[in-house]
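The structure under discussion appears below in the form of structure tokens.
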Amino acid sequence: MKLTKYISSMLIWLLATSVIAAEDSITKLASEFESLKQLAAKAEAINKKDQYCSMRLMVIERFLQYLPNDIKQYPDLGSYSQRDIRKIIDDERKRLNLIINGDISNQKTVNRIKECLPVINGGHFQQDVIWSDGTVEKDRPVYLFGFGHFHELRKEIEWLGKLGTNFAQTEIGPRGTLKSETEIDTPRINEYKTFLAKAYKSGVLVDLLISPHYTPDWAKSKYPKLYPHLGGFLRVNIFNNTVNNILSRHINTIVEKMGDEPGLWSLCMANEPVAFIWTQVPEIRSLWENYLKDKFKTIENANIKWNTTFADWSEVPAYLQPPRTPFPQEPVLFDWMRFNDQTFSKWLVGLSDTTKLALKENGIQEKPTHMKAIDRSLKQFDLIQGIDHYYLSQYFDMNGMDGGASPAKVNSESNYAIDATQVTLHNIMLRSARMLPVVNTENHLLRDRDNNDVLPGHVRAGMWLQLLTGQHGSTAWSWERRDNVDNNIFKGLFKYRPLQTEEYVRTGLDAMRLMPYIASLAEAKPEVGILYSRASLLRNQDSMAAFTSCVAAFNELGINYAIIPEQMLETDEFSRKLPSVKVIILPGTTHVTDKALDGIDYFLKMGFHSNTAAAILIGNDVAKFNEYAQSRKHNIFNDTAVTALNLDQYESNIFPDKIKTALKSIGTYGEYQLIDSETNKPVKGIFYRYTKVEGKIIASAVNTTRSPITCVWKNNKGKKLTFKDETTLGYINANIEFTLDPLQISCGTLE
């Protein structure tokens with residue numbers, strides 16, 4: 001009993017001591033913050049306080065307010081927050097002293113002119129901007145960045161605009177606009193109109209998610225059979241007229257009541273939509289049969305393709321639920337995948353058409369539309385969910401997505417701190433299918449419900465990888481706190497992490513400064529294309545390892561590449577959209593559609609005599625089977641223009657070197673490389689890009705590892721170049737040899 005009382009008293013003492021220590025630490029931080037504000041005032045008095053300083057002061061002030069609660073309720077997060085607030089204070093104190101002493105310059109920044117709206121120009125946004133010194137620049141590339149998505153975002157939009165962000169996403173579904181079958185929810189709509197007006201005055205553009213998955217209770221009660229579980233957020237019968245009439249009324253209400261608000265810039269049609277459980281949708285059978293009739297004309301033609309003996313269309317199976325993995329080699333499954341992809345994308349595009357028609361009928365200027373597809377599409381189970389980046393990229397104004405750059409565990413044994421392939425793959429897939437800006441309106445740069453530490457630079461490196469691959473719109477998930485809720489989904493996101501918030505906004509300000517460079521790098525013409533065959537992934541999941549390893553190799557070699565969907569090779573679309581591609585790589589692609597193989601054959605024959613076409617085959621049995629898993633014979637690769645590689649382990653360290661050797665033999669290996677100074681070989685673990693624009697060589701690199709790497713840029717003759725990094729705040733460092741710290745970014749010019 002005495003021992004129990006002693007332990008109990010000791011625990012109380014330790015708790016009280018830690019609380020006192022935390023309070024003392026908060027007091028010290030507050031004192032240091034006051035000193036920093038005085039230093040900032042001194043810089044402002046001599047006109048040397050810049051936007052970065054203002055942003056950092058706002059972040060420190062806000063998170064000092066959260067700190068007492070976080071230390072008590074979330075001890076781990078509170079500890080990280082204390083440490084990171086101190087780091088921001090220390091970094092800015094050092095920088096301000098250098099500025100005041102004249103050792104470096106304060107940093108000029110650039111902002112959107114809020115009365116102007118961005119326009120889409122190829123793969124980037126552009127509009128008139130104003131520099132911090134008052135200079136106006138016309139039609140300059142811009143980066144749209146900010147936060148999402150709910151009540152606290154809407155409540156604090158003016159503060160976020162002052163912080164430096166210029167973009168936000170929020171959402172309102174039919175549950176928020178349609179009070180009943182005949183009434184609209186006027187108070188709710190007015191709340192959103194007020195928010196949009198505040199956003200506009202704050203220089204923040206709003207992307208509005210129309211959220212068809214938020215079904216009104218009255219609709220579910222009256223029409224319960226019309227709201228089946230399709231497998232994801234979207235629990236509506238998308239083929240039912242009653243459902244679509246409700247959604248049309250919702251869209252028309254948004255447009256009529258909010259569409260003329262200048263803060264409402266774009267509309268998102270759906271959040272992470274998937275559709276793969278069709279058991280409760282009676283219309284699906286007739287739609288499936290009509291699709292087959294349109295494609296094959298007769299059941300006899302279908303039987304020839306499938307090698308089946310169906311007597312009638314009614315005998316052809318419909319995959320109302322995904323098969324168990326691994327999927328059976330049933331020939332019909334490929335056509336079901338294509339049917340599901342095309343049918344679902346047609347419905348999503350229909351929402352966009354309804355929106356655009358409503359805008360036109362109300363005399364409102366057209367607004368860009370998109371939808372956010374979750375960033376997965378390689379596993380068999382993913383392929384059957386109705387989401388194909390190729391179809392979705394064809395009809396919307398922007399390439400929308402929902403994904404991000406999940407942080408690695410701080411204590412992980414891997415030397416890689418961020419997975420560049422994961423971060424960049426879907427951006428490149430979307431832009432290869434159609435060169436439009438990628439807008440990620442649910443950018444998962446941090447993990448939900450996460451108490452773990454996050455490496456400094458993680459958010460910054462992830463954003464820069466996204467930028468270099470064309471993701472030029474971002475609303476980060478998410479600017480919310482829910483401290484009074486059990487299992488708080490927002491715990492560990494931005495509103496709990498001061499350093500990551502500072503990194504996000506700082507990187508956005510950097511991107512705005514350097515967007516002409518970034519847009520040029522992201523839009524550089526690729527000479528290499530990697531075939532993305534859904535037929536192969538559907539039939540042979542081993543091909544996924546070859547595909548992702550090939551992407552990783554190119555990321556490490558600094559080679560700009562396209563990811564070619566097989567549909568583009570089935571028509572003349574490939575030669576129109578990607579005329580610069582000289583080499584097609586088939587990574588473990590055992591299955592290729594008949595029409596896509598014809599397209600590859602045409603590509604090789606047309607380019608053979610001018611030495612502008614080649615193919616690299618990786619693995620065995622490349623293109624041996626068609627989309628129906630039927631073996632075939634062909635000889636299109638039996639030519640001197642073709643280099644074939646056969647690797648048993650795609651993730652082998654020698655894989656990038658073999659790719660490099662093959663490309664050199666073809667003459668497409670590129671003009672510049674980033675070389676590791678220690679090994680005098682191409683760097684490992686750095687994602688980099690370069691391009692030439694009007695005689696200037698632009699280059700950027702991201703260290704994706706946990707180790708510092710000293711490197712140098714060289715041309716293909718071995719000559720070293722001087723790199724001028726412009727991502728630093730005020731101090732432009734021009735060196736031949738330079739070191740990238742873990743997760744450090746760089747961007748500038750080579751001379």
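Following the order of the structure tokens, first chain is A, next is B, and so on, with residues numbered from 1 inside each chain and ligands from 1 in the order they appear.
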
| Selection: 12 Å around A:Met58, only C-alpha atoms, excl. self and same-chain fewer than 2 positions, as an NGL selection string | :A and (33 or 36-37 or 51-56 or 60-65 or 85 or 88-89 or 159-164 or 498 or 501-502 or 505)

| message | So that I can check the secondary structure, give me every residue of stretch 294-496 of chain A assigned strand (DSSP E or B) by backbone DSSP, as an MDAnalysis selection string. | response | chainID A and resid 369:374 399:404 416 438:444 471:476

Deliver the residues from the most recent selection as a file, using N, CA and C atoms, as a PDB file, in the first residue's frame.
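Below you can see again_2.pdb, which holds the result:
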ATOM      1  N   THR A 369     -13.595  23.136 -64.699  1.00  0.00           N
ATOM      2  CA  THR A 369     -14.102  21.997 -63.940  1.00  0.00           C
ATOM      3  C   THR A 369     -13.058  20.876 -63.923  1.00  0.00           C
ATOM      4  N   HIS A 370     -13.184  20.020 -62.933  1.00  0.00           N
ATOM      5  CA  HIS A 370     -12.300  18.864 -62.812  1.00  0.00           C
ATOM      6  C   HIS A 370     -12.948  17.894 -61.847  1.00  0.00           C
ATOM      7  N   MET A 371     -12.338  16.773 -61.609  1.00  0.00           N
ATOM      8  CA  MET A 371     -12.742  15.856 -60.544  1.00  0.00           C
ATOM      9  C   MET A 371     -11.474  15.283 -59.931  1.00  0.00           C
ATOM     10  N   LYS A 372     -11.549  14.865 -58.676  1.00  0.00           N
ATOM     11  CA  LYS A 372     -10.314  14.409 -58.043  1.00  0.00           C
ATOM     12  C   LYS A 372     -10.309  12.899 -57.879  1.00  0.00           C
ATOM     13  N   ALA A 373      -9.507  12.274 -58.746  1.00  0.00           N
ATOM     14  CA  ALA A 373      -9.325  10.829 -58.690  1.00  0.00           C
ATOM     15  C   ALA A 373      -8.224  10.505 -57.695  1.00  0.00           C
ATOM     16  N   ILE A 374      -8.451   9.502 -56.889  1.00  0.00           N
ATOM     17  CA  ILE A 374      -7.438   9.104 -55.928  1.00  0.00           C
ATOM     18  C   ILE A 374      -6.237   8.516 -56.663  1.00  0.00           C
ATOM     19  N   ASN A 399      -6.552  18.641 -64.964  1.00  0.00           N
ATOM     20  CA  ASN A 399      -6.332  17.285 -64.469  1.00  0.00           C
ATOM     21  C   ASN A 399      -6.453  17.298 -62.952  1.00  0.00           C
ATOM     22  N   GLY A 400      -7.535  16.720 -62.445  1.00  0.00           N
ATOM     23  CA  GLY A 400      -7.751  16.732 -61.006  1.00  0.00           C
ATOM     24  C   GLY A 400      -7.288  15.452 -60.352  1.00  0.00           C
ATOM     25  N   MET A 401      -6.834  15.567 -59.112  1.00  0.00           N
ATOM     26  CA  MET A 401      -6.448  14.359 -58.382  1.00  0.00           C
ATOM     27  C   MET A 401      -6.524  14.583 -56.876  1.00  0.00           C
ATOM     28  N   ASP A 402      -6.432  13.479 -56.160  1.00  0.00           N
ATOM     29  CA  ASP A 402      -6.445  13.455 -54.712  1.00  0.00           C
ATOM     30  C   ASP A 402      -5.342  12.479 -54.307  1.00  0.00           C
ATOM     31  N   GLY A 403      -4.268  12.991 -53.744  1.00  0.00           N
ATOM     32  CA  GLY A 403      -3.138  12.130 -53.396  1.00  0.00           C
ATOM     33  C   GLY A 403      -2.134  12.925 -52.611  1.00  0.00           C
ATOM     34  N   GLY A 404      -0.856  12.554 -52.734  1.00  0.00           N
ATOM     35  CA  GLY A 404       0.131  13.345 -52.026  1.00  0.00           C
ATOM     36  C   GLY A 404       1.466  12.682 -51.845  1.00  0.00           C
ATOM     37  N   TYR A 416      15.914   6.339 -47.962  1.00  0.00           N
ATOM     38  CA  TYR A 416      15.015   7.224 -48.705  1.00  0.00           C
ATOM     39  C   TYR A 416      13.988   7.828 -47.755  1.00  0.00           C
ATOM     40  N   VAL A 438      -2.125  19.953 -63.380  1.00  0.00           N
ATOM     41  CA  VAL A 438      -2.722  19.057 -62.398  1.00  0.00           C
ATOM     42  C   VAL A 438      -3.107  19.888 -61.176  1.00  0.00           C
ATOM     43  N   VAL A 439      -4.348  19.708 -60.728  1.00  0.00           N
ATOM     44  CA  VAL A 439      -4.840  20.386 -59.532  1.00  0.00           C
ATOM     45  C   VAL A 439      -5.159  19.318 -58.498  1.00  0.00           C
ATOM     46  N   ASN A 440      -4.379  19.287 -57.438  1.00  0.00           N
ATOM     47  CA  ASN A 440      -4.588  18.334 -56.352  1.00  0.00           C
ATOM     48  C   ASN A 440      -5.321  19.064 -55.237  1.00  0.00           C
ATOM     49  N   THR A 441      -6.627  18.865 -55.170  1.00  0.00           N
ATOM     50  CA  THR A 441      -7.417  19.617 -54.194  1.00  0.00           C
ATOM     51  C   THR A 441      -7.638  18.847 -52.903  1.00  0.00           C
ATOM     52  N   GLU A 442      -6.874  17.779 -52.718  1.00  0.00           N
ATOM     53  CA  GLU A 442      -6.797  17.133 -51.410  1.00  0.00           C
ATOM     54  C   GLU A 442      -5.387  16.566 -51.282  1.00  0.00           C
ATOM     55  N   ASN A 443      -4.451  17.485 -51.115  1.00  0.00           N
ATOM     56  CA  ASN A 443      -3.036  17.146 -51.150  1.00  0.00           C
ATOM     57  C   ASN A 443      -2.600  16.583 -49.798  1.00  0.00           C
ATOM     58  N   HIS A 444      -2.411  15.266 -49.757  1.00  0.00           N
ATOM     59  CA  HIS A 444      -2.087  14.581 -48.502  1.00  0.00           C
ATOM     60  C   HIS A 444      -0.576  14.573 -48.291  1.00  0.00           C
ATOM     61  N   GLN A 471       2.087  19.547 -61.170  1.00  0.00           N
ATOM     62  CA  GLN A 471       1.003  19.804 -60.230  1.00  0.00           C
ATOM     63  C   GLN A 471       1.076  21.257 -59.793  1.00  0.00           C
ATOM     64  N   HIS A 472       0.292  22.095 -60.451  1.00  0.00           N
ATOM     65  CA  HIS A 472       0.412  23.537 -60.266  1.00  0.00           C
ATOM     66  C   HIS A 472      -0.776  24.148 -59.539  1.00  0.00           C
ATOM     67  N   GLY A 473      -1.589  23.281 -58.941  1.00  0.00           N
ATOM     68  CA  GLY A 473      -2.654  23.715 -58.050  1.00  0.00           C
ATOM     69  C   GLY A 473      -2.720  22.768 -56.872  1.00  0.00           C
ATOM     70  N   SER A 474      -2.791  23.299 -55.647  1.00  0.00           N
ATOM     71  CA  SER A 474      -2.756  22.449 -54.455  1.00  0.00           C
ATOM     72  C   SER A 474      -3.577  23.069 -53.334  1.00  0.00           C
ATOM     73  N   THR A 475      -4.516  22.294 -52.796  1.00  0.00           N
ATOM     74  CA  THR A 475      -5.103  22.659 -51.508  1.00  0.00           C
ATOM     75  C   THR A 475      -4.780  21.520 -50.546  1.00  0.00           C
ATOM     76  N   ALA A 476      -4.007  21.844 -49.533  1.00  0.00           N
ATOM     77  CA  ALA A 476      -3.496  20.829 -48.617  1.00  0.00           C
ATOM     78  C   ALA A 476      -4.593  20.341 -47.684  1.00  0.00           C
TER      79      ALA A 476
END

| request: Just the residues within 10 Å of A:Val206, please, counting only C-alpha atoms, with nothing from its chain fewer than 6 positions along; format it as a count of residues only. | output: 19

| request: Please identify all polymer residues within 8 Å of stretch 517-524 of chain A, counting only C-alpha atoms, omitting same-chain residues fewer than 4 positions from it, and present them as a PyMOL selection string. | output: chain A and resi 123-124+141+467-470+511+560+689-691+693+698-699+748

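Around A:Leu514, within 10 Å and counting only C-alpha atoms, the residues found are Thr109, Val110, Pro141, Val142, Tyr143, Gly508, Glu726, Thr727, Cys747 and Gly748 of chain A, once anything fewer than 6 positions away on its own chain is removed.
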
| request: Name the closest residue to A:Lys49 among the candidates A:Thr343, A:Ser533, A:Gly730, A:Thr253; distances are taken between atoms, counting only C-alpha atoms. | output: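 That would be A:Gly730, the residue with the smallest distance to A:Lys49.
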
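Distance-wise, atom CA of A:Leu29 and atom CA of A:Leu77 end up 16.3 Å apart.
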
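Going from atom CA of A:Ala405 to atom CA of A:Asp453 covers 15.1 Å.
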
Residues of stretch 490-541 of chain A at most 12 Å from stretch 568-574 of chain A: nearest atom pair and distance in Å, only C-alpha atoms, as a Markdown table:
| residue | atom | partner | partner_atom | distance |
| --- | --- | --- | --- | --- |
| A:Gly529 | CA | A:Phe574 | CA | 10.4 |
| A:Ile530 | CA | A:Leu569 | CA | 11.9 |
| A:Leu531 | CA | A:Leu569 | CA | 9.3 |
| A:Tyr532 | CA | A:Met568 | CA | 10.1 |
| A:Ser533 | CA | A:Leu569 | CA | 10.4 |

Write the residues of the selection above to a file with all heavy atoms, as a tab-separated table (two decimals), in the first residue's frame.
chain	number	residue	atom	x	y	z
A	529	GLY	N	9.12	7.46	-73.81
A	529	GLY	CA	7.79	7.16	-73.30
A	529	GLY	C	7.75	5.76	-72.71
A	529	GLY	O	8.29	4.81	-73.30
A	530	ILE	N	7.12	5.61	-71.54
A	530	ILE	CA	6.95	4.31	-70.90
A	530	ILE	C	5.50	3.87	-71.14
A	530	ILE	O	4.57	4.60	-70.81
A	530	ILE	CB	7.23	4.38	-69.39
A	530	ILE	CG1	8.65	4.91	-69.14
A	530	ILE	CG2	7.04	3.02	-68.73
A	530	ILE	CD1	8.93	5.22	-67.67
A	531	LEU	N	5.33	2.69	-71.70
A	531	LEU	CA	3.99	2.21	-71.99
A	531	LEU	C	3.26	1.84	-70.70
A	531	LEU	O	3.78	1.09	-69.87
A	531	LEU	CB	4.04	0.99	-72.92
A	531	LEU	CG	2.68	0.38	-73.28
A	531	LEU	CD1	1.79	1.39	-74.00
A	531	LEU	CD2	2.86	-0.88	-74.12
A	532	TYR	N	2.06	2.40	-70.53
A	532	TYR	CA	1.19	2.05	-69.42
A	532	TYR	C	0.06	1.20	-69.97
A	532	TYR	O	-0.88	1.71	-70.59
A	532	TYR	CB	0.65	3.33	-68.77
A	532	TYR	CG	-0.49	3.11	-67.79
A	532	TYR	CD1	-0.34	2.27	-66.69
A	532	TYR	CD2	-1.71	3.77	-67.96
A	532	TYR	CE1	-1.38	2.10	-65.79
A	532	TYR	CE2	-2.74	3.60	-67.06
A	532	TYR	CZ	-2.59	2.76	-65.99
A	532	TYR	OH	-3.62	2.57	-65.10
A	533	SER	N	0.18	-0.11	-69.80
A	533	SER	CA	-0.80	-1.04	-70.35
A	533	SER	C	-1.68	-1.58	-69.23
A	533	SER	O	-1.26	-2.41	-68.42
A	533	SER	CB	-0.09	-2.20	-71.05
A	533	SER	OG	-1.02	-3.20	-71.40

Return as a tab-separated table the residues of stretch 171-192 of chain A lying at most 8 Å from stretch 207-223 of chain A, together with the closest atom-to-atom pair for each and the distance in Å to one decimal, counting only C-alpha atoms, with rows in chain order and ascending residue number.
residue	atom	partner	partner_atom	distance
A:Glu171	CA	A:Leu209	CA	4.4
A:Ile172	CA	A:Ile210	CA	5.4
A:Gly173	CA	A:Ser211	CA	4.4
A:Pro174	CA	A:Thr215	CA	6.0
A:Arg175	CA	A:Pro216	CA	4.2
A:Gly176	CA	A:Pro216	CA	7.9
A:Leu178	CA	A:Pro216	CA	7.3
A:Lys179	CA	A:Pro216	CA	7.8
A:Ser180	CA	A:Trp218	CA	6.5
A:Glu181	CA	A:Ala219	CA	7.8

Please produce an output containing N, CA, C and O atoms for each residue in the selection, written as an mmCIF file, in the first residue's frame.
data_model
loop_
_atom_site.group_PDB
_atom_site.id
_atom_site.type_symbol
_atom_site.label_atom_id
_atom_site.label_comp_id
_atom_site.auth_asym_id
_atom_site.auth_seq_id
_atom_site.Cartn_x
_atom_site.Cartn_y
_atom_site.Cartn_z
ATOM 1 N N GLU A 171 -16.449 22.485 -49.722
ATOM 2 C CA GLU A 171 -17.434 21.642 -50.388
ATOM 3 C C GLU A 171 -18.831 21.894 -49.862
ATOM 4 O O GLU A 171 -19.021 22.290 -48.718
ATOM 5 N N ILE A 172 -19.793 21.658 -50.747
ATOM 6 C CA ILE A 172 -21.194 21.669 -50.352
ATOM 7 C C ILE A 172 -21.930 20.691 -51.260
ATOM 8 O O ILE A 172 -21.866 20.783 -52.480
ATOM 9 N N GLY A 173 -22.577 19.714 -50.651
ATOM 10 C CA GLY A 173 -23.294 18.706 -51.409
ATOM 11 C C GLY A 173 -24.782 18.978 -51.421
ATOM 12 O O GLY A 173 -25.259 19.977 -50.856
ATOM 13 N N PRO A 174 -25.561 18.103 -52.056
ATOM 14 C CA PRO A 174 -27.021 18.281 -52.089
ATOM 15 C C PRO A 174 -27.629 18.402 -50.695
ATOM 16 O O PRO A 174 -28.651 19.065 -50.519
ATOM 17 N N ARG A 175 -26.999 17.780 -49.713
ATOM 18 C CA ARG A 175 -27.480 17.888 -48.337
ATOM 19 C C ARG A 175 -27.421 19.322 -47.836
ATOM 20 O O ARG A 175 -28.188 19.724 -46.947
ATOM 21 N N GLY A 176 -26.528 20.129 -48.403
ATOM 22 C CA GLY A 176 -26.367 21.508 -47.957
ATOM 23 C C GLY A 176 -27.145 22.525 -48.759
ATOM 24 O O GLY A 176 -27.273 23.673 -48.333
ATOM 25 N N LEU A 178 -30.235 21.516 -50.773
ATOM 26 C CA LEU A 178 -31.631 21.117 -50.985
ATOM 27 C C LEU A 178 -32.260 20.692 -49.662
ATOM 28 O O LEU A 178 -32.033 19.589 -49.175
ATOM 29 N N LYS A 179 -33.060 21.586 -49.104
ATOM 30 C CA LYS A 179 -33.694 21.332 -47.813
ATOM 31 C C LYS A 179 -34.773 20.267 -47.927
ATOM 32 O O LYS A 179 -35.015 19.502 -46.989
ATOM 33 N N SER A 180 -35.423 20.230 -49.065
ATOM 34 C CA SER A 180 -36.453 19.230 -49.340
ATOM 35 C C SER A 180 -36.561 19.098 -50.852
ATOM 36 O O SER A 180 -35.762 19.669 -51.609
ATOM 37 N N GLU A 181 -37.567 18.366 -51.288
ATOM 38 C CA GLU A 181 -37.743 18.175 -52.725
ATOM 39 C C GLU A 181 -38.122 19.468 -53.430
ATOM 40 O O GLU A 181 -37.949 19.607 -54.643
#

| Residue contacts of A:Ile130 (10 Å, only C-alpha atoms) excluding same-chain residues fewer than 6 positions away, as a ChimeraX atom specification | /A:109-114,136-138,140

Requested write-out: all heavy atoms of the selected residues, as a short mmCIF file (atom, residue, chain, number, x, y, z; two decimals), in the first residue's frame:
data_model
loop_
_atom_site.label_atom_id
_atom_site.label_comp_id
_atom_site.auth_asym_id
_atom_site.auth_seq_id
_atom_site.Cartn_x
_atom_site.Cartn_y
_atom_site.Cartn_z
N THR A 109 8.94 39.17 -53.57
CA THR A 109 7.92 38.15 -53.79
C THR A 109 6.92 38.64 -54.82
O THR A 109 6.89 39.82 -55.18
CB THR A 109 7.19 37.82 -52.48
OG1 THR A 109 6.73 39.03 -51.87
CG2 THR A 109 8.09 37.07 -51.51
N VAL A 110 6.12 37.70 -55.30
CA VAL A 110 5.15 38.03 -56.35
C VAL A 110 3.80 37.43 -55.96
O VAL A 110 3.73 36.33 -55.41
CB VAL A 110 5.62 37.49 -57.72
CG1 VAL A 110 5.77 35.98 -57.73
CG2 VAL A 110 4.69 37.94 -58.84
N ASN A 111 2.75 38.17 -56.22
CA ASN A 111 1.40 37.73 -55.89
C ASN A 111 0.45 37.94 -57.06
O ASN A 111 0.69 38.81 -57.93
CB ASN A 111 0.86 38.50 -54.67
CG ASN A 111 1.59 38.15 -53.39
OD1 ASN A 111 1.41 37.08 -52.85
ND2 ASN A 111 2.43 39.07 -52.92
N ARG A 112 -0.61 37.14 -57.08
CA ARG A 112 -1.67 37.36 -58.06
C ARG A 112 -2.26 38.74 -57.87
O ARG A 112 -2.40 39.23 -56.75
CB ARG A 112 -2.82 36.36 -57.86
CG ARG A 112 -2.56 34.92 -58.08
CD ARG A 112 -3.83 34.10 -57.84
NE ARG A 112 -4.98 34.69 -58.49
CZ ARG A 112 -5.95 35.35 -57.86
NH1 ARG A 112 -5.92 35.49 -56.54
NH2 ARG A 112 -6.95 35.87 -58.54
N ILE A 113 -2.61 39.38 -58.98
CA ILE A 113 -3.49 40.55 -58.89
C ILE A 113 -4.90 40.00 -58.72
O ILE A 113 -5.42 39.32 -59.61
CB ILE A 113 -3.37 41.44 -60.14
CG1 ILE A 113 -1.95 42.04 -60.21
CG2 ILE A 113 -4.43 42.54 -60.13
CD1 ILE A 113 -1.70 42.89 -61.44
N LYS A 114 -5.50 40.23 -57.57
CA LYS A 114 -6.71 39.49 -57.22
C LYS A 114 -7.89 39.79 -58.13
O LYS A 114 -8.80 38.96 -58.25
CB LYS A 114 -7.09 39.75 -55.76
CG LYS A 114 -7.49 41.19 -55.44
CD LYS A 114 -7.80 41.31 -53.94
CE LYS A 114 -8.24 42.72 -53.57
NZ LYS A 114 -8.50 42.84 -52.13
N VAL A 136 4.33 45.41 -62.06
CA VAL A 136 3.27 44.55 -62.60
C VAL A 136 3.82 43.76 -63.78
O VAL A 136 4.52 44.31 -64.63
CB VAL A 136 2.04 45.38 -63.04
CG1 VAL A 136 1.02 44.49 -63.77
CG2 VAL A 136 1.39 46.05 -61.82
N GLU A 137 3.54 42.48 -63.81
CA GLU A 137 4.00 41.62 -64.89
C GLU A 137 2.79 40.92 -65.50
O GLU A 137 1.97 40.34 -64.79
CB GLU A 137 5.00 40.59 -64.36
CG GLU A 137 5.74 39.85 -65.44
CD GLU A 137 6.85 38.96 -64.89
OE1 GLU A 137 7.23 39.15 -63.71
OE2 GLU A 137 7.33 38.08 -65.63
N LYS A 138 2.68 40.98 -66.80
CA LYS A 138 1.52 40.42 -67.51
C LYS A 138 1.71 38.94 -67.82
O LYS A 138 2.81 38.50 -68.14
CB LYS A 138 1.29 41.18 -68.82
CG LYS A 138 0.96 42.66 -68.66
CD LYS A 138 -0.48 42.84 -68.22
CE LYS A 138 -0.88 44.31 -68.25
NZ LYS A 138 -2.29 44.49 -67.83
N ARG A 140 1.99 35.97 -66.47
CA ARG A 140 3.09 35.20 -65.90
C ARG A 140 2.57 33.88 -65.34
O ARG A 140 1.48 33.83 -64.77
CB ARG A 140 3.74 36.01 -64.77
CG ARG A 140 5.06 35.44 -64.25
CD ARG A 140 5.60 36.36 -63.16
NE ARG A 140 7.00 36.09 -62.87
CZ ARG A 140 7.43 35.19 -61.97
NH1 ARG A 140 6.55 34.49 -61.29
NH2 ARG A 140 8.72 35.03 -61.76
#

| How would you write, as number ranges by chain, the set of residues in stretch 111-245 of chain A that DSSP gives as alpha helix (DSSP H)? | A: 151-155, 157-163, 174-177, 186-201, 217-222, 241-245

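Reported to one decimal place, the separation of atom CA of A:Leu320 from atom CA of A:Lys305 is 22.1 Å.
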
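With only C-alpha atoms as the atoms that count, the minimum distance from A:Asp70 to the choices A:Arg481, A:Arg506, A:Lys28, A:Lys696 is reached by A:Arg481.
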
| said: I'd like to know which of A:His591, A:Arg460, A:Arg534, A:Lys360 is closest to A:Ser377, using only C-alpha atoms. | reply: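 Closest residue, counting only C-alpha atoms: A:Arg534.
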